[in-house]
>>> print(open('data-v7.csv').read())   # CSV, C-alpha atoms
chain,number,residue,atom,x,y,z
A,1,MET,CA,11.1,-6.8,-18.0
A,2,LYS,CA,11.8,-10.2,-16.7
A,3,TYR,CA,9.9,-10.0,-13.4
A,4,SER,CA,6.3,-9.4,-12.7
A,5,LEU,CA,5.7,-6.5,-10.3
A,6,ASN,CA,2.7,-4.4,-9.5
A,7,LEU,CA,4.1,-1.6,-11.7
A,8,GLU,CA,0.9,0.5,-11.8
A,9,GLU,CA,0.9,0.8,-8.0
A,10,LEU,CA,4.7,1.3,-7.8
A,11,LYS,CA,4.4,4.0,-10.5
A,12,ASN,CA,1.8,5.8,-8.4
A,13,ILE,CA,4.1,5.7,-5.4
A,14,TYR,CA,7.1,7.0,-7.5
A,15,LEU,CA,4.9,9.7,-9.0
A,16,ILE,CA,4.0,11.3,-5.7
A,17,SER,CA,7.3,10.6,-3.8
A,18,ASN,CA,9.1,13.8,-2.7
A,19,THR,CA,12.0,12.0,-1.0
A,20,ALA,CA,14.0,8.8,-1.3
A,21,PRO,CA,13.1,7.6,2.3
A,22,PHE,CA,9.4,7.8,1.4
A,23,LEU,CA,10.0,5.9,-1.8
A,24,ILE,CA,11.9,3.1,0.0
A,25,GLU,CA,9.3,2.9,2.8
A,26,LYS,CA,6.4,2.6,0.4
A,27,PHE,CA,8.2,0.2,-2.0
A,28,LYS,CA,9.3,-2.0,1.0
A,29,ASN,CA,5.6,-2.4,1.9
A,30,ASP,CA,4.5,-3.4,-1.6
A,31,ILE,CA,3.5,-7.0,-1.7
A,32,SER,CA,4.8,-7.7,-5.3
A,33,LEU,CA,8.2,-6.3,-4.3
A,34,GLN,CA,8.3,-8.3,-1.1
A,35,TYR,CA,7.4,-11.4,-3.1
A,36,LEU,CA,10.1,-10.7,-5.6
A,37,ARG,CA,12.7,-10.2,-2.8
A,38,ASP,CA,11.7,-13.5,-1.2
A,39,ALA,CA,11.2,-15.7,-4.3
A,40,GLU,CA,14.3,-14.8,-6.3
A,41,SER,CA,17.9,-15.3,-5.5
A,42,ILE,CA,20.1,-12.2,-5.1
A,43,SER,CA,22.3,-13.2,-8.0
A,44,ASP,CA,19.3,-13.5,-10.4
A,45,LEU,CA,18.1,-10.1,-9.2
A,46,ILE,CA,21.5,-8.6,-9.7
A,47,ASP,CA,21.8,-10.1,-13.2
A,48,GLU,CA,18.5,-8.6,-14.1
A,49,PHE,CA,19.4,-5.2,-12.7
A,50,LYS,CA,22.7,-5.2,-14.6
A,51,ALA,CA,20.9,-5.9,-17.8
A,52,ILE,CA,18.3,-3.2,-17.4
A,53,SER,CA,20.8,-0.6,-16.1
A,54,LYS,CA,22.6,-0.7,-19.4
A,55,ALA,CA,19.4,-0.6,-21.5
A,56,GLU,CA,17.7,2.5,-22.8
A,57,ILE,CA,15.3,4.2,-20.4
A,58,ASN,CA,12.2,5.1,-22.4
A,59,SER,CA,9.5,5.6,-19.9
A,60,MET,CA,8.7,6.1,-16.2
A,61,GLU,CA,7.9,2.4,-16.0
A,62,ASP,CA,11.6,1.6,-16.8
A,63,VAL,CA,12.7,3.9,-14.0
A,64,VAL,CA,10.3,2.4,-11.5
A,65,TYR,CA,11.3,-1.1,-12.5
A,66,ALA,CA,14.9,-0.2,-11.9
A,67,TYR,CA,14.2,1.3,-8.5
A,68,ALA,CA,12.1,-1.7,-7.5
A,69,LEU,CA,14.9,-4.2,-8.4
A,70,TYR,CA,17.5,-2.0,-6.7
A,71,ILE,CA,15.5,-1.8,-3.5
A,72,ALA,CA,14.6,-5.6,-3.6
A,73,ILE,CA,18.4,-6.4,-4.0
A,74,LEU,CA,19.3,-4.1,-1.1
A,75,LEU,CA,16.6,-5.6,1.1
A,76,LYS,CA,18.2,-9.0,0.6
A,77,ARG,CA,20.8,-7.6,3.1
A,78,ASP,CA,23.5,-10.0,1.9
A,79,ASP,CA,26.4,-7.8,2.9
A,80,LYS,CA,29.1,-9.7,1.1
A,81,VAL,CA,27.3,-9.9,-2.3
A,82,LEU,CA,26.1,-6.3,-2.0
A,83,GLU,CA,29.6,-5.0,-1.4
A,84,GLU,CA,30.6,-6.4,-4.7
A,85,PHE,CA,27.4,-5.3,-6.4
A,86,LEU,CA,27.7,-1.7,-5.2
A,87,LYS,CA,31.3,-1.4,-6.4
A,88,ASN,CA,29.9,-0.9,-9.9
A,89,GLU,CA,26.2,-0.4,-9.7
A,90,GLY,CA,26.6,1.9,-6.7
A,91,ASN,CA,28.1,4.5,-9.0
A,92,ILE,CA,24.7,5.2,-10.7
A,93,LYS,CA,24.1,8.9,-10.3
A,94,PHE,CA,20.5,9.0,-11.5
A,95,GLU,CA,18.1,10.9,-9.2
A,96,TRP,CA,17.7,8.9,-5.9
A,97,PHE,CA,20.1,6.0,-6.6
A,98,PRO,CA,23.0,7.6,-4.7
A,99,GLU,CA,20.7,8.4,-1.7
A,100,ILE,CA,19.1,4.9,-1.6
A,101,LYS,CA,22.7,3.5,-1.5
A,102,ASN,CA,23.5,5.8,1.4
A,103,ILE,CA,20.3,4.8,3.2
A,104,TYR,CA,21.3,1.2,2.8
A,105,PHE,CA,24.6,1.8,4.5
A,106,GLU,CA,23.1,4.0,7.3
A,107,LYS,CA,19.9,2.1,8.0
A,108,LEU,CA,19.2,-1.1,6.0
A,109,ARG,CA,22.6,-2.8,6.3
A,110,PRO,CA,22.6,-5.7,8.8
A,111,THR,CA,24.4,-4.9,12.0
A,112,THR,CA,27.7,-6.6,12.3
A,113,ILE,CA,27.9,-9.2,15.1
A,114,SER,CA,31.3,-9.8,16.6
A,115,TYR,CA,31.9,-12.8,18.8
A,116,ILE,CA,34.4,-12.0,21.6
A,117,PRO,CA,35.9,-15.1,23.0
A,118,LEU,CA,35.7,-15.1,26.8
A,119,SER,CA,37.5,-17.6,29.0
A,120,PRO,CA,35.5,-19.0,31.8
A,121,LYS,CA,36.6,-18.0,35.2
A,122,VAL,CA,36.1,-20.2,38.2
A,123,SER,CA,36.1,-18.6,41.6
A,124,ASN,CA,35.5,-19.7,45.1
A,125,LYS,CA,31.8,-19.9,45.8
A,126,ASN,CA,32.2,-17.9,49.0
A,127,SER,CA,34.1,-15.1,47.4
A,128,HIS,CA,32.6,-11.6,47.1
A,129,ASN,CA,32.2,-12.1,43.3
A,130,ASN,CA,29.5,-14.6,43.9
A,131,ILE,CA,26.2,-13.1,43.1
A,132,ARG,CA,23.1,-14.8,44.4
A,133,ALA,CA,19.8,-14.2,42.8
A,134,THR,CA,16.7,-15.3,44.7
A,135,SER,CA,13.0,-14.9,44.3
A,136,ASN,CA,10.0,-15.6,46.4
A,137,ASP,CA,8.0,-16.4,43.3
A,138,SER,CA,7.7,-20.2,43.0
A,139,GLU,CA,8.3,-20.0,39.3
A,140,PHE,CA,11.8,-18.9,39.9
A,141,GLN,CA,14.4,-21.2,41.3
A,142,GLU,CA,17.3,-20.0,43.4
A,143,ILE,CA,20.3,-19.7,41.1
A,144,ASP,CA,24.0,-18.9,41.7
A,145,ILE,CA,25.9,-16.8,39.2
A,146,VAL,CA,29.6,-17.1,39.6
A,147,CYS,CA,31.6,-14.3,38.0
B,1,MET,CA,20.0,7.3,-22.1
B,2,ASN,CA,20.7,4.4,-19.7
B,3,LEU,CA,21.2,4.7,-15.9
B,4,PHE,CA,25.0,4.8,-16.2
B,5,ASP,CA,24.9,7.6,-18.8
B,6,TYR,CA,23.4,10.0,-16.3
B,7,THR,CA,26.3,12.0,-14.9
B,8,GLY,CA,24.5,13.7,-12.1
B,9,ASN,CA,21.4,15.7,-11.3
B,10,LYS,CA,21.3,19.3,-12.7
B,11,LYS,CA,21.2,21.8,-9.9
B,12,ILE,CA,20.5,25.5,-9.6
B,13,GLU,CA,22.0,28.0,-7.1
B,14,LEU,CA,19.8,28.0,-4.1
B,15,VAL,CA,20.7,29.6,-0.7
B,16,THR,CA,18.9,30.4,2.5
B,17,ALA,CA,18.3,33.9,3.8
B,18,LYS,CA,21.6,33.5,5.7
B,19,GLY,CA,23.4,32.4,2.6
B,20,ARG,CA,23.8,28.7,3.2
B,21,ALA,CA,23.7,26.5,0.1
B,22,ILE,CA,20.7,24.2,-0.3
B,23,ASP,CA,21.1,21.0,-2.3
B,24,ASN,CA,18.6,20.6,-5.0
B,25,TYR,CA,18.1,19.0,-8.4
B,26,GLN,CA,16.1,19.3,-11.6
B,27,VAL,CA,15.1,16.1,-13.3
B,28,PHE,CA,14.1,15.0,-16.8
B,29,GLU,CA,10.8,15.9,-18.4
B,30,PHE,CA,7.9,13.5,-18.8
B,31,SER,CA,6.7,12.7,-22.3
B,32,ALA,CA,3.3,14.0,-23.3
B,33,TYR,CA,2.1,10.4,-23.3
B,34,GLU,CA,3.1,10.0,-19.6
B,35,ARG,CA,1.5,13.3,-18.6
B,36,ASN,CA,-1.8,12.1,-20.0
B,37,LYS,CA,-1.5,8.7,-18.6
B,38,PHE,CA,-1.5,10.1,-15.0
B,39,LYS,CA,-4.2,12.6,-15.7
B,40,ASP,CA,-6.8,10.8,-13.5
B,41,TYR,CA,-4.5,9.2,-11.0
B,42,THR,CA,-6.2,10.6,-7.9
B,43,SER,CA,-9.6,11.8,-8.7
B,44,VAL,CA,-11.4,8.8,-7.1
B,45,ARG,CA,-9.2,8.3,-4.1
B,46,PHE,CA,-9.2,12.0,-3.0
B,47,PRO,CA,-12.7,13.3,-3.5
B,48,ASN,CA,-12.2,16.5,-1.6
B,49,THR,CA,-9.0,17.5,-3.5
B,50,ILE,CA,-8.8,19.9,-6.4
B,51,PHE,CA,-5.9,19.3,-8.8
B,52,LYS,CA,-4.3,22.0,-10.9
B,53,CYS,CA,-1.5,22.3,-13.4
B,54,SER,CA,0.0,19.4,-15.4
B,55,PRO,CA,2.2,16.7,-13.8
B,56,SER,CA,5.8,18.0,-13.7
B,57,PRO,CA,9.1,16.5,-12.4
B,58,GLU,CA,10.8,19.9,-12.4
B,59,TYR,CA,9.8,20.7,-8.8
B,60,ASN,CA,8.5,18.8,-5.8
B,61,CYS,CA,6.5,19.8,-2.7
B,62,HIS,CA,9.6,21.3,-0.9
B,63,GLY,CA,10.6,23.1,-4.1
B,64,MET,CA,7.2,24.6,-4.2
B,65,SER,CA,7.1,25.5,-0.5
B,66,PHE,CA,10.6,26.8,-0.3
B,67,ALA,CA,12.1,27.5,-3.8
B,68,SER,CA,9.4,29.1,-5.9
B,69,ARG,CA,8.6,26.1,-7.9
B,70,ARG,CA,12.0,26.0,-9.6
B,71,THR,CA,13.6,22.8,-8.4
B,72,ASN,CA,13.4,19.7,-6.2
B,73,ILE,CA,14.6,19.7,-2.6
B,74,ASP,CA,14.6,16.3,-1.1
B,75,LYS,CA,16.8,16.2,2.0
B,76,SER,CA,15.1,16.7,5.3
B,77,ASN,CA,18.3,18.3,6.8
B,78,ASP,CA,18.1,21.0,4.1
B,79,ILE,CA,14.5,21.7,5.0
B,80,ARG,CA,15.5,22.1,8.7
B,81,ILE,CA,18.3,24.5,7.6
B,82,ILE,CA,15.8,26.6,5.6
B,83,LEU,CA,13.4,26.7,8.6
B,84,ASN,CA,16.2,27.8,10.8
B,85,ASP,CA,18.0,30.3,8.5
B,86,ASP,CA,14.8,31.9,7.1
B,87,CYS,CA,13.4,32.2,10.7
B,88,TYR,CA,10.4,30.0,10.6
B,89,GLU,CA,8.8,29.5,14.0
B,90,LYS,CA,6.9,26.3,15.0
B,91,ILE,CA,3.3,26.9,15.8
B,92,ASP,CA,0.4,24.9,17.1
B,93,GLU,CA,-2.2,23.5,14.8
B,94,LYS,CA,-4.8,25.8,16.5
B,95,GLN,CA,-2.8,28.9,15.6
B,96,THR,CA,-2.5,28.2,11.9
B,97,MET,CA,-3.4,30.8,9.3
B,98,ILE,CA,-3.3,31.2,5.6
B,99,GLY,CA,0.3,31.2,4.4
B,100,ASP,CA,1.7,29.0,7.1
B,101,ILE,CA,3.6,25.9,6.2
B,102,VAL,CA,2.8,22.3,7.1
B,103,LEU,CA,5.3,19.5,7.2
B,104,TYR,CA,4.4,15.8,7.1
B,105,VAL,CA,7.2,14.1,9.1
B,106,SER,CA,7.7,10.4,9.3
B,107,GLU,CA,8.0,9.3,13.0
B,108,GLY,CA,10.3,6.4,12.0
B,109,ASP,CA,13.3,8.3,10.5
B,110,GLY,CA,12.3,11.9,10.7
B,111,ASP,CA,12.0,12.1,7.0
B,112,ILE,CA,10.1,15.2,5.9
B,113,MET,CA,8.1,13.4,3.3
B,114,HIS,CA,5.9,16.2,2.2
B,115,SER,CA,5.2,20.0,2.7
B,116,GLY,CA,2.6,22.5,1.7
B,117,THR,CA,1.2,26.0,2.3
B,118,ILE,CA,-2.1,26.5,4.2
B,119,VAL,CA,-4.8,28.2,2.1
B,120,PHE,CA,-7.7,27.8,4.5
B,121,ALA,CA,-7.8,27.3,8.3
B,122,GLU,CA,-10.9,27.1,10.3
B,123,HIS,CA,-10.3,25.6,13.8
B,124,LYS,CA,-12.7,23.0,14.8
B,125,SER,CA,-11.8,20.6,17.6
B,126,GLY,CA,-10.2,17.5,16.3
B,127,ASP,CA,-11.3,18.0,12.7
B,128,LEU,CA,-8.3,18.4,10.4
B,129,SER,CA,-10.4,18.5,7.3
B,130,HIS,CA,-11.0,22.2,8.0
B,131,ILE,CA,-7.4,23.0,7.3
B,132,LYS,CA,-6.7,23.1,3.6
B,133,VAL,CA,-3.3,23.1,1.9
B,134,ILE,CA,-1.9,23.7,-1.5
B,135,SER,CA,1.0,21.4,-2.2
B,136,LYS,CA,2.8,19.6,-5.0
B,137,TRP,CA,2.6,15.8,-4.9
B,138,GLY,CA,6.0,14.6,-6.0
B,139,LYS,CA,6.2,14.6,-9.8
B,140,TYR,CA,2.4,14.8,-10.0
B,141,ARG,CA,0.3,17.9,-9.9
B,142,GLU,CA,-0.4,20.7,-7.5
B,143,ALA,CA,-3.3,20.0,-5.3
B,144,ILE,CA,-5.6,21.9,-3.0
B,145,HIS,CA,-6.6,19.4,-0.3
B,146,PRO,CA,-7.6,18.9,3.3
B,147,VAL,CA,-4.4,18.5,5.3
B,148,ASN,CA,-5.4,14.9,6.1
B,149,GLU,CA,-6.3,13.8,2.6
B,150,THR,CA,-3.1,12.7,0.9
B,151,ASP,CA,-1.1,9.5,0.5
B,152,TYR,CA,1.5,11.0,2.9
B,153,ASN,CA,-1.1,10.6,5.7
B,154,LYS,CA,-1.2,6.8,5.0
B,155,LEU,CA,2.2,5.9,6.5
B,156,SER,CA,1.6,4.0,9.8
B,157,SER,CA,3.3,6.7,11.9
B,158,TYR,CA,3.7,10.4,11.0
B,159,ARG,CA,3.1,13.8,12.5
B,160,LEU,CA,2.2,17.2,11.2
B,161,GLU,CA,4.4,20.2,12.1
B,162,TYR,CA,3.2,23.7,11.4
B,163,TYR,CA,5.6,26.7,10.8
B,164,ARG,CA,5.2,30.5,10.3
B,165,LEU,CA,7.8,32.8,8.8
B,166,THR,CA,8.6,35.3,11.5
B,167,HIS,CA,11.5,37.3,10.0
B,168,THR,CA,12.9,37.8,13.4
B,169,HIS,CA,16.4,38.3,12.1
B,170,TYR,CA,15.2,41.6,10.4
B,171,GLU,CA,14.0,43.1,13.6
B,172,VAL,CA,16.0,46.1,15.0
>>> encode(input="data-v7.csv", output="structure tokens")
Amino acid sequence: MKYSLNLEELKNIYLISNTAPFLIEKFKNDISLQYLRDAESISDLIDEFKAISKAEINSMEDVVYAYALYIAILLKRDDKVLEEFLKNEGNIKFEWFPEIKNIYFEKLRPTTISYIPLSPKVSNKNSHNNIRATSNDSEFQEIDIVC
Amino acid sequence: MNLFDYTGNKKIELVTAKGRAIDNYQVFEFSAYERNKFKDYTSVRFPNTIFKCSPSPEYNCHGMSFASRRTNIDKSNDIRIILNDDCYEKIDEKQTMIGDIVLYVSEGDGDIMHSGTIVFAEHKSGDLSHIKVISKWGKYREAIHPVNETDYNKLSSYRLEYYRLTHTHYEV
């Protein structure tokens, strides 16, 4: 195991988890996992996950380490890199890996922001599209919004 | 075995009273070493809890509450289907009796993170420690505990829901 994580605590969480959302929620709040997510680059985390996913699982600790890395990678929320990563590693069928992937797509994935170009429109200041906002409050200045 | 060797979770045939299939899975066994390692996991943190049986990944809390300790059920939608098809009725905390079901529901995403069966209910105003539950804690052991003494109560935002089997679909 390349990275240092609070595996004893993470094992306790894994041990009592009944559902994947609970596991994610508790892992997300673990300080060692948050540190790992922030301190390491996504490519390093992916390299480590690829290495351990092909290695023999001998203990619960190995499983917990794999879950921790997987969740840390998804929490990076780098959509382009993750798309490539999940093409292969997204096929892992072990226990909660498929559901964690689904939860990423449904809830963790960053919302796509689309920029819609709008051309400015100039109208006559006295036309009916002219909206005037006023306030008696001295903090607010009278403004004109021209649609 | 590595993570890619695993071809899918083993399932058993499990249906509701109305015949709808319920997704479930049975997972690998712990080694004896790991069973022993977790022997004393909770004895300090949960002083009012009695643990029984060995740790076992073969069934989880929902598998214990709704599938006779034979498998794991982990999808909240499936639990809701069981509650509906098996004719469970939501009840108030004050109405709870032995044999009723309690669900621990995350307020954030509605995940039913835990369930158990009530084994003792004495209704004192605002004091949940007088409701006791038997439940399975994930892959760990079965526990008899106050309804508010678990790790599932430690999420920032959750609610308890209580249900009773009514069998109304059998009424003439």
>>> interface_residues(input="data-v7.csv", of="chain B", to="chain A", cutoff="9 Å", atoms="all atoms listed in the file", output="ChimeraX atom specification")
/B:1-9,25-27,30-31,34,38,41,55,57,60-62,72-76,106,109,111-114,136-141,151-152,155
>>> atom_distance(input="data-v7.csv", atom1="atom CA of A:Asp78", atom2="atom CA of B:Gly110")
26.1 Å
>>> closest_residue(input="data-v7.csv", among="B:Met97, B:Leu14, B:Leu83, B:Ile50", to="B:Thr71", atoms="only C-alpha atoms")
B:Leu14
>>> closest_residue(input="data-v7.csv", among="A:Ala51, A:Tyr70, A:Leu45, A:Met1", to="A:Phe27", atoms="all atoms listed in the file")
A:Tyr70
>>> atom_distance(input="data-v7.csv", atom1="atom CA of A:Tyr104", atom2="atom CA of A:Glu9")
23.1 Å
>>> atom_distance(input="data-v7.csv", atom1="atom CA of A:Asp47", atom2="atom CA of A:Leu86")
13.0 Å
>>> residues_near_point(input="data-v7.csv", point="(-5.2, 20.7, -5.5)", cutoff="12 Å", atoms="all atoms listed in the file", output="MDAnalysis selection string")
chainID B and resid 42:43 46:55 116:119 132:137 140:147 149:150
>>> closest_residue(input="data-v7.csv", among="A:Ile100, A:Gly90, A:Arg37, A:Asp44", to="A:Lys76", atoms="all atoms listed in the file")
A:Arg37
>>> closest_residue(input="data-v7.csv", among="A:Ile103, A:Leu82, A:Leu5, A:Val64", to="A:Ile46", atoms="all atoms listed in the file")
A:Leu82
